[in-house]
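The next block is structure.csv, given as CSV, C-alpha atoms.
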```
chain,number,residue,atom,x,y,z
A,28,MET,CA,16.4,19.0,-14.1
A,29,MET,CA,13.9,17.3,-16.4
A,30,ARG,CA,10.3,18.6,-16.2
A,31,LYS,CA,7.8,16.1,-14.9
A,32,CYS,CA,4.8,15.9,-17.2
A,33,ASP,CA,2.9,12.7,-16.2
A,34,ARG,CA,0.6,12.8,-13.2
A,35,MET,CA,-0.5,9.7,-11.3
A,36,ASP,CA,-2.6,9.0,-8.3
A,37,VAL,CA,-0.5,7.2,-5.6
A,38,TRP,CA,-3.0,4.3,-5.5
A,39,ALA,CA,-2.7,3.8,-9.3
A,40,ALA,CA,1.1,4.1,-9.0
A,41,LEU,CA,1.4,1.5,-6.3
A,42,GLN,CA,-0.8,-0.9,-8.3
A,43,TRP,CA,1.4,-0.4,-11.3
A,44,VAL,CA,4.5,-1.1,-9.2
A,45,VAL,CA,3.3,-4.3,-7.7
A,46,GLN,CA,1.0,-5.7,-10.4
A,47,ASP,CA,2.9,-4.8,-13.6
A,48,GLN,CA,6.5,-4.2,-12.5
A,49,LYS,CA,6.3,-6.7,-9.6
A,50,ALA,CA,8.9,-4.7,-7.7
A,51,ASP,CA,8.0,-6.4,-4.4
A,52,MET,CA,8.8,-9.8,-6.0
A,53,ALA,CA,11.9,-8.5,-7.7
A,54,TYR,CA,13.3,-7.2,-4.4
A,55,ASN,CA,12.2,-10.5,-2.7
A,56,ASP,CA,10.3,-8.6,-0.1
A,57,GLY,CA,7.6,-11.2,0.2
A,58,ASN,CA,8.8,-12.0,3.7
A,59,LEU,CA,8.0,-8.4,4.7
A,60,LEU,CA,4.5,-8.8,3.4
A,61,GLY,CA,4.0,-12.2,4.9
A,62,TYR,CA,3.2,-14.0,1.6
A,63,GLY,CA,6.6,-14.8,0.3
A,64,GLU,CA,8.9,-17.7,0.9
A,65,GLN,CA,11.3,-17.5,3.7
A,66,PRO,CA,14.9,-16.8,2.5
A,67,GLY,CA,16.3,-20.1,1.5
A,68,SER,CA,19.3,-21.3,-0.5
A,69,ILE,CA,21.3,-19.0,-2.7
A,70,THR,CA,20.3,-21.2,-5.7
A,71,ARG,CA,16.6,-20.6,-4.9
A,72,ARG,CA,17.3,-16.8,-4.6
A,73,VAL,CA,19.1,-16.8,-8.0
A,74,MET,CA,16.3,-18.7,-9.6
A,75,ASN,CA,13.7,-16.2,-8.3
A,76,MET,CA,15.8,-13.3,-9.6
A,77,ALA,CA,16.1,-14.9,-13.0
A,78,GLN,CA,12.3,-15.5,-13.0
A,79,TYR,CA,11.8,-11.7,-12.7
A,80,GLY,CA,14.2,-10.7,-15.4
A,81,ALA,CA,17.5,-10.4,-13.7
A,82,VAL,CA,20.7,-11.0,-15.7
A,83,ILE,CA,22.6,-13.5,-13.7
A,84,GLY,CA,26.3,-13.1,-14.0
A,85,GLY,CA,26.0,-10.6,-16.8
A,86,SER,CA,27.5,-7.2,-17.1
A,87,ASN,CA,24.1,-5.5,-16.7
A,88,GLY,CA,23.9,-6.1,-13.0
A,89,SER,CA,21.9,-8.5,-11.0
A,90,MET,CA,18.6,-6.7,-10.4
A,91,PRO,CA,15.6,-7.1,-12.7
A,92,ASP,CA,15.0,-4.4,-15.3
A,93,LEU,CA,12.4,-2.3,-13.5
A,94,ASP,CA,11.2,1.1,-14.5
A,95,PRO,CA,13.2,3.7,-12.5
A,96,ASP,CA,10.0,5.2,-11.2
A,97,ALA,CA,8.9,1.8,-10.0
A,98,GLU,CA,12.1,1.3,-8.1
A,99,ILE,CA,11.8,4.7,-6.4
A,100,ILE,CA,8.2,4.0,-5.5
A,101,TRP,CA,9.1,0.6,-4.1
A,102,ILE,CA,12.0,2.1,-2.1
A,103,GLY,CA,9.4,4.5,-0.6
A,104,VAL,CA,7.3,1.5,0.4
A,105,GLU,CA,10.3,-0.1,2.0
A,106,CYS,CA,11.0,3.1,4.0
A,107,LEU,CA,7.4,3.0,5.2
A,108,PHE,CA,7.9,-0.6,6.4
A,109,GLU,CA,10.9,0.6,8.4
A,110,ALA,CA,9.1,3.7,9.7
A,111,TRP,CA,6.1,1.6,10.8
A,112,ARG,CA,8.4,-0.9,12.5
A,113,THR,CA,10.1,1.8,14.5
A,114,GLY,CA,7.0,3.8,15.3
A,115,ALA,CA,8.0,6.8,13.3
A,116,LEU,CA,4.5,7.0,11.6
A,117,VAL,CA,2.6,7.7,14.8
A,118,GLY,CA,2.0,11.4,13.8
A,119,GLU,CA,0.8,10.5,10.3
A,120,VAL,CA,-1.3,7.3,10.5
A,121,GLY,CA,-4.6,6.8,12.3
A,122,LEU,CA,-5.1,10.4,13.2
A,123,ASN,CA,-8.6,11.8,13.6
A,124,VAL,CA,-10.1,8.3,13.7
A,125,PRO,CA,-13.9,8.4,14.4
A,126,VAL,CA,-14.6,7.9,18.1
A,127,GLN,CA,-16.2,4.5,17.6
A,128,MET,CA,-13.0,3.2,16.0
A,129,GLN,CA,-10.6,4.4,18.7
A,130,ARG,CA,-11.0,1.2,20.8
A,131,CYS,CA,-10.1,-0.9,17.7
A,132,LEU,CA,-7.1,1.3,17.0
A,133,LYS,CA,-5.7,0.6,20.5
A,134,LYS,CA,-5.8,-3.1,19.7
A,135,TRP,CA,-4.5,-2.8,16.2
A,136,ARG,CA,-2.2,-5.7,15.3
A,137,ARG,CA,-2.0,-5.6,11.5
A,138,ASN,CA,0.8,-4.0,9.5
A,139,PRO,CA,-0.9,-1.3,7.4
A,140,VAL,CA,2.0,-1.1,5.0
A,141,ALA,CA,1.6,-4.8,4.2
A,142,GLU,CA,-2.2,-4.3,3.9
A,143,MET,CA,-1.6,-1.5,1.5
A,144,VAL,CA,0.7,-3.5,-0.7
A,145,LEU,CA,-1.6,-6.6,-0.7
A,146,SER,CA,-4.6,-4.4,-1.5
A,147,ALA,CA,-2.7,-2.9,-4.4
A,148,ARG,CA,-1.7,-6.3,-5.7
A,149,SER,CA,-5.4,-7.3,-5.7
A,150,GLY,CA,-6.4,-3.9,-7.1
A,151,VAL,CA,-9.1,-3.4,-4.5
A,152,MET,CA,-9.1,-1.2,-1.4
A,153,PRO,CA,-10.1,-3.0,1.8
A,154,ASP,CA,-13.8,-3.5,2.2
A,155,TRP,CA,-15.2,-0.7,4.4
A,156,MET,CA,-18.7,-2.0,4.2
A,157,PRO,CA,-18.6,-5.8,4.3
A,158,GLY,CA,-21.8,-7.5,3.2
A,159,GLY,CA,-23.0,-4.5,1.2
A,160,TRP,CA,-25.6,-2.1,2.5
A,161,GLN,CA,-27.9,-4.7,3.9
A,162,SER,CA,-28.5,-4.3,7.6
A,163,ASP,CA,-28.6,-8.1,7.9
A,164,SER,CA,-25.0,-8.7,6.8
A,165,GLY,CA,-24.5,-10.8,9.9
A,166,LEU,CA,-21.5,-8.7,11.1
A,167,THR,CA,-21.4,-7.0,14.5
A,168,ARG,CA,-20.9,-3.3,14.7
A,169,ARG,CA,-17.4,-4.0,16.0
A,170,GLU,CA,-16.5,-6.1,13.0
A,171,VAL,CA,-17.8,-3.4,10.7
A,172,GLU,CA,-15.7,-0.8,12.6
A,173,GLU,CA,-12.6,-3.0,12.3
A,174,CYS,CA,-13.1,-3.2,8.5
A,175,ARG,CA,-13.5,0.6,8.3
A,176,LEU,CA,-10.4,1.1,10.4
A,177,ASN,CA,-8.4,-1.2,8.1
A,178,TYR,CA,-9.6,0.9,5.2
A,179,ILE,CA,-8.5,4.2,7.0
A,180,MET,CA,-5.1,2.8,7.9
A,181,VAL,CA,-4.4,1.7,4.3
A,182,TRP,CA,-5.6,5.2,3.0
A,183,ASP,CA,-3.3,6.9,5.6
A,184,MET,CA,-0.4,4.7,4.4
A,185,LEU,CA,-1.1,5.8,0.8
A,186,ALA,CA,-1.1,9.4,1.9
A,187,ALA,CA,2.2,8.9,3.8
A,188,LEU,CA,3.7,7.3,0.7
A,189,CYS,CA,2.5,10.1,-1.5
A,190,THR,CA,4.0,12.7,0.8
A,191,ARG,CA,7.4,11.0,0.7
A,192,LEU,CA,7.3,10.5,-3.1
A,193,GLN,CA,6.3,14.2,-3.7
A,194,GLY,CA,9.6,15.2,-2.1
A,195,SER,CA,11.6,13.0,-4.6
A,196,HIS,CA,13.5,14.9,-7.3
A,197,ARG,CA,14.4,11.6,-9.0
A,198,LEU,CA,10.9,10.5,-9.7
A,199,GLY,CA,9.9,11.1,-13.3
A,200,ILE,CA,6.2,11.5,-12.6
A,201,VAL,CA,4.1,13.7,-10.3
A,202,VAL,CA,2.4,11.6,-7.6
A,203,GLU,CA,-0.9,13.0,-6.3
A,204,MET,CA,-3.0,12.2,-3.2
A,205,PRO,CA,-5.3,9.2,-3.4
A,206,GLY,CA,-8.3,9.9,-5.6
A,207,ILE,CA,-10.5,7.9,-3.2
A,208,PRO,CA,-12.1,9.4,-0.1
A,209,ARG,CA,-10.7,8.7,3.3
A,210,LEU,CA,-14.1,8.3,4.9
A,211,PRO,CA,-16.4,7.2,2.1
A,212,TRP,CA,-19.2,6.1,4.4
A,213,HIS,CA,-19.8,9.8,5.4
A,214,GLY,CA,-20.8,10.6,1.8
A,215,ARG,CA,-23.0,7.5,1.7
A,216,LYS,CA,-25.0,8.6,4.8
A,217,LYS,CA,-25.8,12.0,3.3
A,218,VAL,CA,-27.1,10.3,0.1
A,219,GLN,CA,-29.3,7.9,2.1
A,220,GLN,CA,-30.7,10.8,4.2
A,221,ALA,CA,-31.5,12.8,1.1
A,222,CYS,CA,-33.6,9.9,-0.3
```
Write the structure described by the file as structure tokens, please.
Amino acid sequence: MMRKCDRMDVWAALQWVVQDQKADMAYNDGNLLGYGEQPGSITRRVMNMAQYGAVIGGSNGSMPDLDPDAEIIWIGVECLFEAWRTGALVGEVGLNVPVQMQRCLKKWRRNPVAEMVLSARSGVMPDWMPGGWQSDSGLTRREVEECRLNYIMVWDMLAALCTRLQGSHRLGIVVEMPGIPRLPWHGRKKVQQAC
């Protein structure tokens, strides 16, 4: 077994997979995320595969030339899609949500796996404090809580992905927990009170 020497934060790893490797596009999983084209003709599918580096009709196979680690990470994301769809992530995602967000969680309709991938594509975590720190942002308390819940759900999905990837013996890198806090607004309150 080869020794893993590179370490990577799961947030940075996912950004690399979707921004640089474009694994979501290579596997034509845009329909899972809600931003891709619906599956169309075979000709269109082959054209998309060629666009992302696939060798069409060659001896090298029909998939794009992705880094093996990127493929494994993307497969982990696909497993999360399936686990979310079947309800298998109930014990991992959305736990210990602050009391004021629990009502929002009961009405949650977004797919946090898709939110995680779309956030990684943009390179920015969901905005947990929309409008900045001004008290006159124009948003209701409920809207702010919904934004914070979206942030928590994406963070929890990153943690779930990290847990699954840490169990992989095929992954050539060591994936670590997200380097960003789960509840960043708690640290901000302490700083404001100290001033």
Please provide as a VMD selection string all residues within 6 Å of range 186-202 of chain A, with the sequence filter that same-chain residues fewer than 6 positions apart are discarded (counting all atoms listed in the file).
chain A and resid 31 33 to 37 96
Interatomic distance (Å, one decimal) between CA of Asp51 in chain A and CA of Ala147 in chain A:
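Going from CA of Asp51 in chain A over to CA of Ala147 in chain A covers 11.3 Å.
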Proximity to Met152 in chain A - best of A:Gly118, A:Gly103, A:Pro125, A:Pro205, all atoms listed in the file
A:Pro205
Could you check how far CA of Val140 in chain A sits from CA of Phe108 in chain A, in Å to one decimal?
6.1 Å
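Using all atoms listed in the file, the contacts of Gln46 in chain A at a cut-off of 9 Å, with sequence neighbours closer than 6 positions omitted, comprise Ala147, Arg148, Ser149 and Gly150 of chain A.
Using only C-alpha atoms, the nearest neighbour of Asn138 in chain A within the list A:Val151, A:Val181, A:Leu176, A:Leu166 is A:Val181.
Straight-line separation from CA of Glu170 in chain A to CA of Asn123 in chain A: 19.6 Å.
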Counting only C-alpha atoms, the option among A:Ser146, A:Gln48, A:Thr167, A:Asn177 closest to Asp92 in chain A
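Result for the nearest residue to Asp92 in chain A: A:Gln48.
Counting all atoms listed in the file and comparing A:Ile99, A:Val144, A:Val117, A:Cys106, the residue that lies closest to Trp182 in chain A is A:Val144.
All residues of protein, DNA or RNA that reach within 12 Å of Asp94 in chain A, judged by only C-alpha atoms and not counting those fewer than 4 positions away in the chain, are Ala40, Trp43, Val44, Val45, Asp47, Gln48, Lys49, Ala50, Ala53, Met90, Glu98, Ile99, Ile100, Trp101, Leu198, Gly199 and Ile200 of chain A.
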Store the residues picked out above in a file with C-alpha atoms, as a CSV table (one decimal), keeping the file's coordinate frame.
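The resulting file, part-v6.csv, is reproduced below:
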```
chain,number,residue,atom,x,y,z
A,40,ALA,CA,1.1,4.1,-9.0
A,43,TRP,CA,1.4,-0.4,-11.3
A,44,VAL,CA,4.5,-1.1,-9.2
A,45,VAL,CA,3.3,-4.3,-7.7
A,47,ASP,CA,2.9,-4.8,-13.6
A,48,GLN,CA,6.5,-4.2,-12.5
A,49,LYS,CA,6.3,-6.7,-9.6
A,50,ALA,CA,8.9,-4.7,-7.7
A,53,ALA,CA,11.9,-8.5,-7.7
A,90,MET,CA,18.6,-6.7,-10.4
A,98,GLU,CA,12.1,1.3,-8.1
A,99,ILE,CA,11.8,4.7,-6.4
A,100,ILE,CA,8.2,4.0,-5.5
A,101,TRP,CA,9.1,0.6,-4.1
A,198,LEU,CA,10.9,10.5,-9.7
A,199,GLY,CA,9.9,11.1,-13.3
A,200,ILE,CA,6.2,11.5,-12.6
```
Go through A:Asp183, A:Glu173, A:Glu203, A:Glu105 and flag the residue nearest Trp135 in chain A, using only C-alpha atoms for the distances.
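Smallest distance to Trp135 in chain A is found for A:Glu173.
Of the listed residues (A:Leu145, A:Leu185, A:Ile102, A:Cys174), A:Leu185 comes nearest to Val120 in chain A; the distances count only C-alpha atoms.
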Written coordinates, N, CA and C atoms of range 141-191 of chain A as a compact mmCIF listing (two decimals), in the first residue's frame:
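This went into decode.txt:
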```
# COMPACT_ATOMS: atom_id res chain seq x y z
N ALA A 141 -26.52 19.20 -3.58
CA ALA A 141 -26.44 20.11 -4.73
C ALA A 141 -25.94 21.49 -4.29
N GLU A 142 -26.40 21.97 -3.15
CA GLU A 142 -25.94 23.26 -2.63
C GLU A 142 -24.43 23.22 -2.38
N MET A 143 -23.93 22.10 -1.85
CA MET A 143 -22.50 21.94 -1.59
C MET A 143 -21.70 22.00 -2.88
N VAL A 144 -22.16 21.29 -3.91
CA VAL A 144 -21.43 21.25 -5.18
C VAL A 144 -21.48 22.61 -5.87
N LEU A 145 -22.64 23.25 -5.86
CA LEU A 145 -22.75 24.57 -6.49
C LEU A 145 -21.90 25.61 -5.76
N SER A 146 -21.83 25.50 -4.43
CA SER A 146 -20.97 26.40 -3.66
C SER A 146 -19.50 26.16 -4.01
N ALA A 147 -19.12 24.91 -4.14
CA ALA A 147 -17.73 24.59 -4.50
C ALA A 147 -17.41 25.09 -5.90
N ARG A 148 -18.36 25.00 -6.80
CA ARG A 148 -18.14 25.51 -8.15
C ARG A 148 -17.87 27.01 -8.12
N SER A 149 -18.63 27.76 -7.29
CA SER A 149 -18.42 29.20 -7.20
C SER A 149 -17.21 29.55 -6.33
N GLY A 150 -16.80 28.61 -5.47
CA GLY A 150 -15.66 28.86 -4.59
C GLY A 150 -16.02 29.61 -3.32
N VAL A 151 -17.32 29.75 -3.05
CA VAL A 151 -17.77 30.52 -1.88
C VAL A 151 -18.81 29.71 -1.13
N MET A 152 -18.61 29.59 0.18
CA MET A 152 -19.62 28.95 1.03
C MET A 152 -20.88 29.80 1.02
N PRO A 153 -22.04 29.19 1.26
CA PRO A 153 -23.27 29.99 1.33
C PRO A 153 -23.13 31.13 2.34
N ASP A 154 -23.79 32.24 2.04
CA ASP A 154 -23.69 33.44 2.87
C ASP A 154 -24.48 33.25 4.15
N TRP A 155 -23.80 33.19 5.28
CA TRP A 155 -24.48 33.01 6.56
C TRP A 155 -24.85 34.34 7.20
N MET A 156 -24.37 35.45 6.64
CA MET A 156 -24.76 36.77 7.15
C MET A 156 -25.04 37.67 5.96
N PRO A 157 -26.18 37.46 5.31
CA PRO A 157 -26.49 38.27 4.12
C PRO A 157 -26.60 39.74 4.48
N GLY A 158 -26.07 40.58 3.63
CA GLY A 158 -26.14 42.02 3.84
C GLY A 158 -25.07 42.54 4.78
N GLY A 159 -24.13 41.70 5.18
CA GLY A 159 -23.06 42.16 6.07
C GLY A 159 -23.53 42.29 7.50
N TRP A 160 -22.81 43.04 8.27
CA TRP A 160 -23.09 43.17 9.70
C TRP A 160 -24.01 44.34 10.01
N GLN A 161 -24.52 45.00 8.98
CA GLN A 161 -25.43 46.12 9.23
C GLN A 161 -26.76 45.58 9.73
N SER A 162 -27.29 46.21 10.75
CA SER A 162 -28.58 45.76 11.28
C SER A 162 -29.72 46.14 10.34
N ASP A 163 -29.45 47.03 9.39
CA ASP A 163 -30.50 47.46 8.46
C ASP A 163 -30.38 46.75 7.11
N SER A 164 -30.03 45.46 7.12
CA SER A 164 -29.84 44.70 5.88
C SER A 164 -31.15 44.50 5.12
N GLY A 165 -32.29 44.73 5.80
CA GLY A 165 -33.58 44.57 5.15
C GLY A 165 -34.13 43.17 5.19
N LEU A 166 -33.40 42.23 5.77
CA LEU A 166 -33.87 40.86 5.86
C LEU A 166 -34.53 40.62 7.21
N THR A 167 -35.52 39.77 7.19
CA THR A 167 -36.17 39.40 8.44
C THR A 167 -35.27 38.41 9.18
N ARG A 168 -35.55 38.23 10.44
CA ARG A 168 -34.79 37.26 11.24
C ARG A 168 -34.92 35.86 10.65
N ARG A 169 -36.10 35.55 10.15
CA ARG A 169 -36.32 34.23 9.54
C ARG A 169 -35.46 34.04 8.29
N GLU A 170 -35.35 35.07 7.47
CA GLU A 170 -34.51 34.97 6.26
C GLU A 170 -33.05 34.77 6.63
N VAL A 171 -32.60 35.46 7.67
CA VAL A 171 -31.22 35.28 8.13
C VAL A 171 -31.02 33.86 8.64
N GLU A 172 -31.99 33.35 9.40
CA GLU A 172 -31.89 31.98 9.93
C GLU A 172 -31.88 30.96 8.80
N GLU A 173 -32.65 31.19 7.73
CA GLU A 173 -32.64 30.28 6.59
C GLU A 173 -31.28 30.28 5.91
N CYS A 174 -30.66 31.45 5.79
CA CYS A 174 -29.32 31.52 5.20
C CYS A 174 -28.31 30.77 6.06
N ARG A 175 -28.42 30.92 7.37
CA ARG A 175 -27.50 30.23 8.27
C ARG A 175 -27.74 28.73 8.23
N LEU A 176 -28.99 28.32 8.12
CA LEU A 176 -29.29 26.89 8.03
C LEU A 176 -28.70 26.30 6.75
N ASN A 177 -28.80 27.03 5.65
CA ASN A 177 -28.21 26.57 4.40
C ASN A 177 -26.70 26.39 4.56
N TYR A 178 -26.06 27.32 5.25
CA TYR A 178 -24.63 27.22 5.51
C TYR A 178 -24.33 25.95 6.32
N ILE A 179 -25.09 25.73 7.40
CA ILE A 179 -24.88 24.55 8.25
C ILE A 179 -25.07 23.26 7.47
N MET A 180 -26.10 23.21 6.63
CA MET A 180 -26.37 21.99 5.87
C MET A 180 -25.22 21.69 4.89
N VAL A 181 -24.69 22.73 4.25
CA VAL A 181 -23.56 22.53 3.34
C VAL A 181 -22.34 22.07 4.14
N TRP A 182 -22.10 22.69 5.30
CA TRP A 182 -20.96 22.28 6.13
C TRP A 182 -21.12 20.83 6.56
N ASP A 183 -22.32 20.46 6.97
CA ASP A 183 -22.57 19.07 7.39
C ASP A 183 -22.35 18.09 6.24
N MET A 184 -22.72 18.48 5.03
CA MET A 184 -22.48 17.62 3.86
C MET A 184 -20.98 17.47 3.60
N LEU A 185 -20.23 18.56 3.77
CA LEU A 185 -18.78 18.47 3.62
C LEU A 185 -18.20 17.50 4.65
N ALA A 186 -18.70 17.58 5.88
CA ALA A 186 -18.22 16.66 6.93
C ALA A 186 -18.59 15.22 6.59
N ALA A 187 -19.80 14.99 6.05
CA ALA A 187 -20.22 13.64 5.66
C ALA A 187 -19.34 13.12 4.53
N LEU A 188 -19.04 13.98 3.56
CA LEU A 188 -18.16 13.58 2.45
C LEU A 188 -16.77 13.25 2.98
N CYS A 189 -16.27 14.07 3.89
CA CYS A 189 -14.94 13.84 4.47
C CYS A 189 -14.89 12.49 5.19
N THR A 190 -15.92 12.19 5.96
CA THR A 190 -15.96 10.92 6.69
C THR A 190 -15.90 9.74 5.73
N ARG A 191 -16.64 9.82 4.63
CA ARG A 191 -16.64 8.74 3.66
C ARG A 191 -15.29 8.61 2.95
```
